[in-house]
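Participant: My questions all concern the structure below.
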Amino acid sequence: MIKYTLNGVQTAYSGDESQSLLSHLRNDLNITTLKDGCSGQGTCGACTVEINGKARLACRTKMKSIENAEVNTIEGLPEQFKTVISKAFAERGAVQCGFCSPGMIMRAKSLYNTNTKPSRDEIFKAISPNICRCTGYVKIVDAIEEAFAILRDEQPQKYEKSATIGGRYPKYQSEETALGFRDFVDDMRFEGMLHGALKFSEHPRARVIKIDTTKAEKLPGVERVFTAKDIPGEQYQGLIFQDWPLMIGENEITRYIGDVLAGVVAETDAIAREALELINVEYEVLEAVTDMHVAAKPESPQVHEGRSNVLETCAINFGDVDKAFEEAAYTSTGIYETQRIEHAFLETETGIAKPENDGIRLYTQGQGAYVDRKLVAKILGIEEEKVIAVQVQNGGGFGGKEDLTVQGHVSMFAYLIQKPVKLHLSREESLRMHPKRHPVWMNIGLACDKNGKFTGVKLDAIGDTGAYASVGTKVMERVVGHATGGYTVPSVDIKAVTAYTNNIPCGAMRGFGVPQVIFAIESCIDDICKQGGFDRWQIRYDNALEDGAKTATGQKLQGVGLKKTLEAVKDEFQKARFAGIATGIKNTGVGNGMIDDSEVKIEIKAKDHIVVNHGWTEMGQGVHTMAIQTLHSETGINPEHIEVKVETDAGVPTGMTTSSRATALVANAIIDASKHITSDLKGSTMEALVGRTYKGKYVCDFTCAPGDDVEDPKIHFAYGYATQVVILDDNGKIDKVIAAHDAGKIMNRTLFEGQIEGAVHMGLGYALTEDFPMKDGYPLSYKYNDIGILRAKEMPEVDVIGIEEEDPIGPYGAKGIGEIGLCPTAGAVANALYTFDGIRRTKLPMQRKKS
């Protein structure tokens with residue numbers, strides 16, 4: 001019997017002494033304010049608790065070690081501390097997805113116990129054991145610094161907030177999220193809920209001869225074992241190409257190590273996982289195709305039988321590019337390579353499904369509830385309306401939760417056994433299963449005349465999309481469409497190939513192909529500057545896109561603030577001894593000939609309760625807050641009275657939350673609906689509107705694909721623009737990043753700053769340390785710590801400058817900001833290092849070991 005004090009209450013434990021404190025608190029006691037982000041690897045800090053006044057990781061603490069200890073979770077902290085710090089986190093923008101926030105607060109409490117007046121550097125150092133993938137840590141430090149000052153009675157807790165467009169308004173539900181009281185999917189519990197687990201392929205490419213589930217089925221506590229033959233509807237699904245099987249059956253061939261061969265549903269997660277080990281699979285191992293260059297050759301073994309490994313070739317050619325290079329005063333050519341990286345969202349994939357009527361209710365943390373509904377309905381072989389997808393705010397996505405992972409399996413399990421089922425991936429399983437950022441190989445050339453005017457760009461690129469298409473073709477189309485960066489170039493010959501391999505699939509990730517090609521083209525520009533003695537800032541300014549200019553796709557632009565971003569960084573860049581500069585352009589909206597649309601339904605439930613139903617995923621970027629601010633600005637409705645819901649039974653179909661488009665589309669739809677609300681409010685009151693429902697819609701159906709033969713091509717409805725400067729100290733270490741971003745109208749300045757700071761953090765990691773290397777179809781490591789995410793103490797100063805050049809289509813002139821934030825970063829880092837030591841970096845990451 002182990003006795004300890006939990007949140008001030010004497011507690012006894014008589015179970016397995018080797019059980020982790022995290023498991024005991026979450027699973028036995030249902031205390032879910034502490035989160036599980038790394039599955040016991042002791043890396044992420046999301047499960048931080050206080051033990052005898054010190055911060056400790058609950059996942060690494062065994063129950064036998066807490067005899068007579070005093071343990072506090074968020075619930076056990078002093079009320080004043082909780083109130084002050086949660087409010088500071090909310091108001092200073094320290095909460096984005098919020099999965100890390102409770103652990104950060106517990107880490108802050110440990111610091112406060114010993115140092116109530118720490119310096120900013122001491123705060124950065126104190127929170128460094130904990131990872132935040134969203135914020136870049138800056139606003140977390142801001143919040144802790146402010147909270148401590150208030151707790152010391154040195155300043156009042158005062159925050160001037162405004163929900164009108166352009167104001168600073170706290171993120172929706174951020175106070176309860178900061179404290180861990182808002183549930184993520186893995187925090188949810190239902191009566192009679194069972195637990196599922198998945199059996200993955202042991203080989204990247206092998207024929208499955210036999211799947212023997214006999215022993216697993218006999219294990220006590222096992223409800224049922226599933227294989228591909230149990231799928232009631234369609235086996236294959238996908239966001240664009242229907243090439244991804246829910247499960248691989250006997251006599252079928254696996255394509256990567258994340259293919260699912262079987263699933264177990266049992267009374268507990270532990271029993272389900274024990275049963276997985278009892279499933280015996282007999283394979284005929286086949287040669288895996290893991291090099292994208294080899295895969296693209298006609299004689300290569302086919303990843304998908306009967307189909308070429310070249311999924312798509314996207315090309316654009318205009319002007320006389322050969323002449324441009326022949327007559328050029330200066331050219332820069334080279335091969336640039338970028339790596340596969342992991343999204344590293346803190347919340348691993350979890351889904352819960354419950355039978356409901358003759359269908360199911362799915363609690364999903366994916367990036368598109370209506371897309372999930374459509375795909376799950378096909379898997380189950382039922383009508384879409386019989387699948388109700390409830391979008392739960394997720395713990396980070398960055399594109400990595402667009403494809404189905406657990407949603408299809410858990411829905412099938414619950415549908416067939418008619419009981420609630422939860423399916424939760426461990427960190428290792430998450431790394432194994434979901435798509436990554438594309439590694440891209442680029443043979444690129446840039447030509448300019450004697451005055452430094454760019455005259456031509458050549459690009460021959462290939463991207464490894466892995467075993468399944470995901471959105472790989474669209475990623476590589478972005479490589480093509482953004483190959484000229486933020487510049488006007490009169491002639492181009494650019495091509496990108498999307499290739500299947502037997503590696504883990506690659507799909508959407510923040511930036512979506514653009515950071516890869518911007519790294520290459522910006523490196524070429526600095527090389528040309530060295531050859532011709534050009535001023536690195538001036539050459540960019542002279543060639544920069546402006547109103548009326550055309551991109552590589554031939555699209556004529558409007559509302560271009562790129563030159564203003566360059567002007568904003570000029571002085572600091574030119575006075576720095578060692579500095580790199582790069583610009584960026586990133587599309588808003590899927591475009592490329594596909595429809596971007598959004599519907600909303602606004603229900604007046606009571607005079608002080610208005611529900612906004614939309615279809616976009618809140619994953620930290622603040623789309624729910626944007627919806628509230630838009631409705632408030634248009635109608636004057638009190639923002640505190642607005643609830644936001646995303647459930648498919650509302651009937652407002654929406655696509656995937658991707659391409660920095662959610663804010664623009666949902667706001668335009670709300671503006672449409674608000675016209676009717678405003679009209680009805682004239683000479684009336686909110687009370688008179690109770691019971692009414694208002695619908696709004698916005699549709700962009702006027703884009704085309706790159707290379708389409710049209711007179712005035714419009715590939716995307718909007719673009720964002722940026723310039724970033726990376727300044728090094730005298731030792732070659734990054735000292736400061738200046739990020740000037742044209743966001744159109746900045747709808748919420750706090751959220752804007754947080755998005756850019758977080759994107760810069762991700763961009764720095766991409767440039768310097770992050771990697772997810774594979775060999776022969778297997779990751780070299782499944783450890784979260786080996787991904788290479790920069791810790792708080794490794795972050796330089798980030799100066800965010802907002803530029804507001806209005807877009808003609810975006811709401812209030814707003815442009816997307818979620819992805820553009822990291823597009824120029826790697827190029828700026830490479831160019832900064834080049835100024836320091838004269839070494840041209842052509843491959844990412846540039847400095848694998850974290851300093």
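Each chain in the structure tokens gets a letter, A, B, ..., in the order shown, and its residues are numbered from 1; ligands are numbered from 1 in order too.
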Any idea what's packed within 6 Å of range 813-815 of chain A, counting only C-alpha atoms, ignoring anything in its chain fewer than 6 positions away? Could you give it as an NGL selection string?
Facilitator: :A and (720 or 743-745 or 806-807)
Participant: Could you pull out the helix (DSSP H, G or I) residues of range 581-810 of chain A, going by DSSP on the backbone, and write them as an NGL selection string?
Facilitator: :A and (623-635 or 639-641 or 648-650 or 662-681 or 686-689 or 749-768 or 784-787 or 792-794)
Participant: Using only C-alpha atoms, which residues sit within 6 Å of range 599-601 of chain A once same-chain residues fewer than 2 positions away are excluded, as a ChimeraX atom specification?
Facilitator: /A:613-614,652,669,694-697
Participant: If you count only C-alpha atoms, which residues fall within 8 Å of range 253-264 of chain A, apart from same-chain ones fewer than 3 positions away, as an NGL selection string?
Facilitator: :A and (196-208 or 211 or 222-228 or 245-249 or 272-273 or 275-276 or 303-304 or 409 or 429 or 432-434 or 467 or 502-504 or 777-778)
Participant: Go ahead and compute the interatomic distance for CA of Lys736 in chain A and CA of Gly136 in chain A, in Å to one decimal.
Facilitator: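 Distance between the two atoms: 13.2 Å.
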Participant: Which residues are near range 128-134 of chain A? Cut-off 8 Å, only C-alpha atoms, ignore same chain within fewer than 5 positions. Put them as a list in words.
Facilitator: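 The neighbour list is Thr43, Cys44, Gly45, Ala46, Gln96, Cys97, Cys100, Gly103, Met104, Ala344, Phe345, Leu346, Gly396, Gly620, Gln755, Gly758, Ala759, Met762, Ile789, Arg791, Ala792 and Lys793 of chain A.
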Participant: Give me the residues within 8 Å of Ile352 in chain A as a VMD selection string, counting only C-alpha atoms and dropping any in the same chain fewer than 2 places off.
Facilitator: chain A and resid 185 350 354 362 to 364 407 410 to 411 420 to 423
Participant: Could those selected residues go to a file with N, CA and C atoms, as a PDB file, in the first residue's frame?
Facilitator:
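Result saved to out-v2.pdb:
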```pdb
ATOM      1  N   VAL A 185      -9.733  14.829 -27.328  1.00  0.00           N
ATOM      2  CA  VAL A 185     -10.452  13.560 -27.522  1.00  0.00           C
ATOM      3  C   VAL A 185      -9.990  12.505 -26.521  1.00  0.00           C
ATOM      4  N   THR A 350      -6.226  10.426 -31.781  1.00  0.00           N
ATOM      5  CA  THR A 350      -7.217   9.692 -30.998  1.00  0.00           C
ATOM      6  C   THR A 350      -8.586   9.902 -31.621  1.00  0.00           C
ATOM      7  N   LYS A 354     -19.204   6.197 -31.278  1.00  0.00           N
ATOM      8  CA  LYS A 354     -20.321   5.600 -30.542  1.00  0.00           C
ATOM      9  C   LYS A 354     -21.423   5.239 -31.532  1.00  0.00           C
ATOM     10  N   LEU A 362     -18.927  10.240 -34.333  1.00  0.00           N
ATOM     11  CA  LEU A 362     -17.462  10.201 -34.293  1.00  0.00           C
ATOM     12  C   LEU A 362     -16.926  11.486 -33.684  1.00  0.00           C
ATOM     13  N   TYR A 363     -16.124  11.345 -32.648  1.00  0.00           N
ATOM     14  CA  TYR A 363     -15.413  12.482 -32.071  1.00  0.00           C
ATOM     15  C   TYR A 363     -14.022  12.487 -32.676  1.00  0.00           C
ATOM     16  N   THR A 364     -13.776  13.493 -33.513  1.00  0.00           N
ATOM     17  CA  THR A 364     -12.546  13.510 -34.307  1.00  0.00           C
ATOM     18  C   THR A 364     -11.700  14.732 -33.997  1.00  0.00           C
ATOM     19  N   GLN A 407      -9.674   7.527 -37.440  1.00  0.00           N
ATOM     20  CA  GLN A 407     -11.106   7.772 -37.528  1.00  0.00           C
ATOM     21  C   GLN A 407     -11.859   6.625 -38.208  1.00  0.00           C
ATOM     22  N   VAL A 410     -11.734   3.281 -35.871  1.00  0.00           N
ATOM     23  CA  VAL A 410     -12.554   3.321 -34.659  1.00  0.00           C
ATOM     24  C   VAL A 410     -14.035   3.376 -35.015  1.00  0.00           C
ATOM     25  N   SER A 411     -14.378   4.007 -36.125  1.00  0.00           N
ATOM     26  CA  SER A 411     -15.776   4.044 -36.562  1.00  0.00           C
ATOM     27  C   SER A 411     -16.252   2.651 -36.948  1.00  0.00           C
ATOM     28  N   PRO A 420     -19.373   1.881 -27.660  1.00  0.00           N
ATOM     29  CA  PRO A 420     -18.409   2.976 -27.803  1.00  0.00           C
ATOM     30  C   PRO A 420     -16.977   2.446 -27.769  1.00  0.00           C
ATOM     31  N   VAL A 421     -16.146   2.988 -28.635  1.00  0.00           N
ATOM     32  CA  VAL A 421     -14.745   2.554 -28.710  1.00  0.00           C
ATOM     33  C   VAL A 421     -13.838   3.776 -28.817  1.00  0.00           C
ATOM     34  N   LYS A 422     -12.740   3.750 -28.081  1.00  0.00           N
ATOM     35  CA  LYS A 422     -11.692   4.759 -28.225  1.00  0.00           C
ATOM     36  C   LYS A 422     -10.470   4.097 -28.844  1.00  0.00           C
ATOM     37  N   LEU A 423      -9.816   4.814 -29.754  1.00  0.00           N
ATOM     38  CA  LEU A 423      -8.580   4.332 -30.370  1.00  0.00           C
ATOM     39  C   LEU A 423      -7.548   5.443 -30.285  1.00  0.00           C
TER      40      LEU A 423
END
```
Participant: Among range 272-323 of chain A, which residues does DSSP mark as strand (DSSP E or B) when it is run on the backbone? Keep the chain and numbering as in the structure and answer as number ranges by chain.
Facilitator: A: 280-285, 310-318
Participant: Selection from above, N, CA, C and O atoms, as an mmCIF file, in the first residue's frame, can you write it?
Facilitator:
```cif
data_model
loop_
_atom_site.group_PDB
_atom_site.id
_atom_site.type_symbol
_atom_site.label_atom_id
_atom_site.label_comp_id
_atom_site.auth_asym_id
_atom_site.auth_seq_id
_atom_site.Cartn_x
_atom_site.Cartn_y
_atom_site.Cartn_z
ATOM 1 N N ASN A 280 -0.319 -13.419 -35.230
ATOM 2 C CA ASN A 280 0.826 -13.913 -36.010
ATOM 3 C C ASN A 280 0.589 -13.648 -37.493
ATOM 4 O O ASN A 280 -0.443 -14.035 -38.046
ATOM 5 N N VAL A 281 1.544 -12.955 -38.100
ATOM 6 C CA VAL A 281 1.433 -12.616 -39.524
ATOM 7 C C VAL A 281 2.574 -13.276 -40.285
ATOM 8 O O VAL A 281 3.750 -13.142 -39.913
ATOM 9 N N GLU A 282 2.217 -13.983 -41.343
ATOM 10 C CA GLU A 282 3.224 -14.603 -42.213
ATOM 11 C C GLU A 282 3.366 -13.754 -43.473
ATOM 12 O O GLU A 282 2.377 -13.405 -44.114
ATOM 13 N N TYR A 283 4.607 -13.385 -43.796
ATOM 14 C CA TYR A 283 4.880 -12.489 -44.927
ATOM 15 C C TYR A 283 5.752 -13.167 -45.986
ATOM 16 O O TYR A 283 6.553 -14.069 -45.682
ATOM 17 N N GLU A 284 5.638 -12.698 -47.203
ATOM 18 C CA GLU A 284 6.652 -12.889 -48.234
ATOM 19 C C GLU A 284 7.268 -11.507 -48.460
ATOM 20 O O GLU A 284 6.646 -10.636 -49.053
ATOM 21 N N VAL A 285 8.485 -11.321 -47.959
ATOM 22 C CA VAL A 285 9.100 -9.994 -48.010
ATOM 23 C C VAL A 285 9.547 -9.684 -49.432
ATOM 24 O O VAL A 285 10.202 -10.500 -50.093
ATOM 25 N N VAL A 310 5.367 7.376 -60.860
ATOM 26 C CA VAL A 310 5.250 8.819 -61.070
ATOM 27 C C VAL A 310 3.765 9.170 -61.019
ATOM 28 O O VAL A 310 3.005 8.907 -61.948
ATOM 29 N N LEU A 311 3.371 9.751 -59.918
ATOM 30 C CA LEU A 311 1.965 10.063 -59.705
ATOM 31 C C LEU A 311 1.534 11.252 -60.547
ATOM 32 O O LEU A 311 0.420 11.285 -61.083
ATOM 33 N N GLU A 312 2.414 12.246 -60.660
ATOM 34 C CA GLU A 312 2.083 13.429 -61.456
ATOM 35 C C GLU A 312 3.359 14.174 -61.822
ATOM 36 O O GLU A 312 4.323 14.189 -61.062
ATOM 37 N N THR A 313 3.336 14.807 -62.972
ATOM 38 C CA THR A 313 4.364 15.766 -63.359
ATOM 39 C C THR A 313 3.676 17.090 -63.635
ATOM 40 O O THR A 313 2.799 17.177 -64.493
ATOM 41 N N CYS A 314 4.059 18.114 -62.888
ATOM 42 C CA CYS A 314 3.488 19.446 -63.067
ATOM 43 C C CYS A 314 4.559 20.344 -63.673
ATOM 44 O O CYS A 314 5.686 20.393 -63.163
ATOM 45 N N ALA A 315 4.242 21.035 -64.750
ATOM 46 C CA ALA A 315 5.258 21.844 -65.442
ATOM 47 C C ALA A 315 4.662 23.152 -65.946
ATOM 48 O O ALA A 315 3.491 23.220 -66.309
ATOM 49 N N ILE A 316 5.494 24.185 -65.943
ATOM 50 C CA ILE A 316 5.143 25.487 -66.522
ATOM 51 C C ILE A 316 6.339 25.967 -67.344
ATOM 52 O O ILE A 316 7.483 25.882 -66.882
ATOM 53 N N ASN A 317 6.053 26.470 -68.507
ATOM 54 C CA ASN A 317 7.112 26.966 -69.381
ATOM 55 C C ASN A 317 6.600 28.201 -70.107
ATOM 56 O O ASN A 317 5.588 28.125 -70.800
ATOM 57 N N PHE A 318 7.245 29.325 -69.902
ATOM 58 C CA PHE A 318 6.905 30.496 -70.690
ATOM 59 C C PHE A 318 8.151 31.355 -70.875
ATOM 60 O O PHE A 318 9.107 31.281 -70.102
#
```
Participant: Would you please work out which residue, of A:Ala483, A:Met619, A:Ile417, A:Leu459, is nearest to Glu347 in chain A when using only C-alpha atoms?
Facilitator: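 Looking at the shortest contact to Glu347 in chain A, the residue is A:Met619.
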Participant: Within 10 Å of Ile839 in chain A, counting only C-alpha atoms, which residues show up once you throw out same-chain ones fewer than 6 positions away? Write them as a VMD selection string, please.
Facilitator: chain A and resid 830 to 831 833
Participant: Looking at A:Ala389, A:Ala705, A:Val829, A:Ala447, which one is nearest to Lys474 in chain A, with distances taken over only C-alpha atoms?
Facilitator: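 Residue with the minimum atom-to-atom distance to Lys474 in chain A: A:Ala705.
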Participant: Looking at A:Gly655, A:Pro824, A:Gly466, A:Gly42, which one is nearest to Thr498 in chain A, with distances taken over only C-alpha atoms?
Facilitator: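 Result for the nearest residue to Thr498 in chain A: A:Gly466.
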Participant: Expressed in Å to a single decimal, how great is the separation between CA of Arg56 in chain A and CA of Ile150 in chain A?
Facilitator: 25.4 Å
Participant: Point out the residue among A:Asn115, A:Cys59, A:Ala722, A:Ser308 with the least atom-to-atom distance to Arg26 in chain A, counting only C-alpha atoms.
Facilitator: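 Checking each of A:Asn115, A:Cys59, A:Ala722, A:Ser308 against Arg26 in chain A, counting only C-alpha atoms, the winner is A:Cys59.
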Participant: I'd like to know which of A:Asp608, A:Glu217, A:Asp526, A:Asp121 is closest to Val690 in chain A, using only C-alpha atoms.
Facilitator: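 Once distances to Val690 in chain A are computed over only C-alpha atoms, the minimum belongs to A:Asp608.
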Participant: Considering only C-alpha atoms, state which residue in the set A:Gly559, A:Gly456, A:Gly591, A:Phe398 is at the smallest distance from Gly507 in chain A.
Facilitator: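 For Gly507 in chain A, the nearest of the candidates is A:Phe398.
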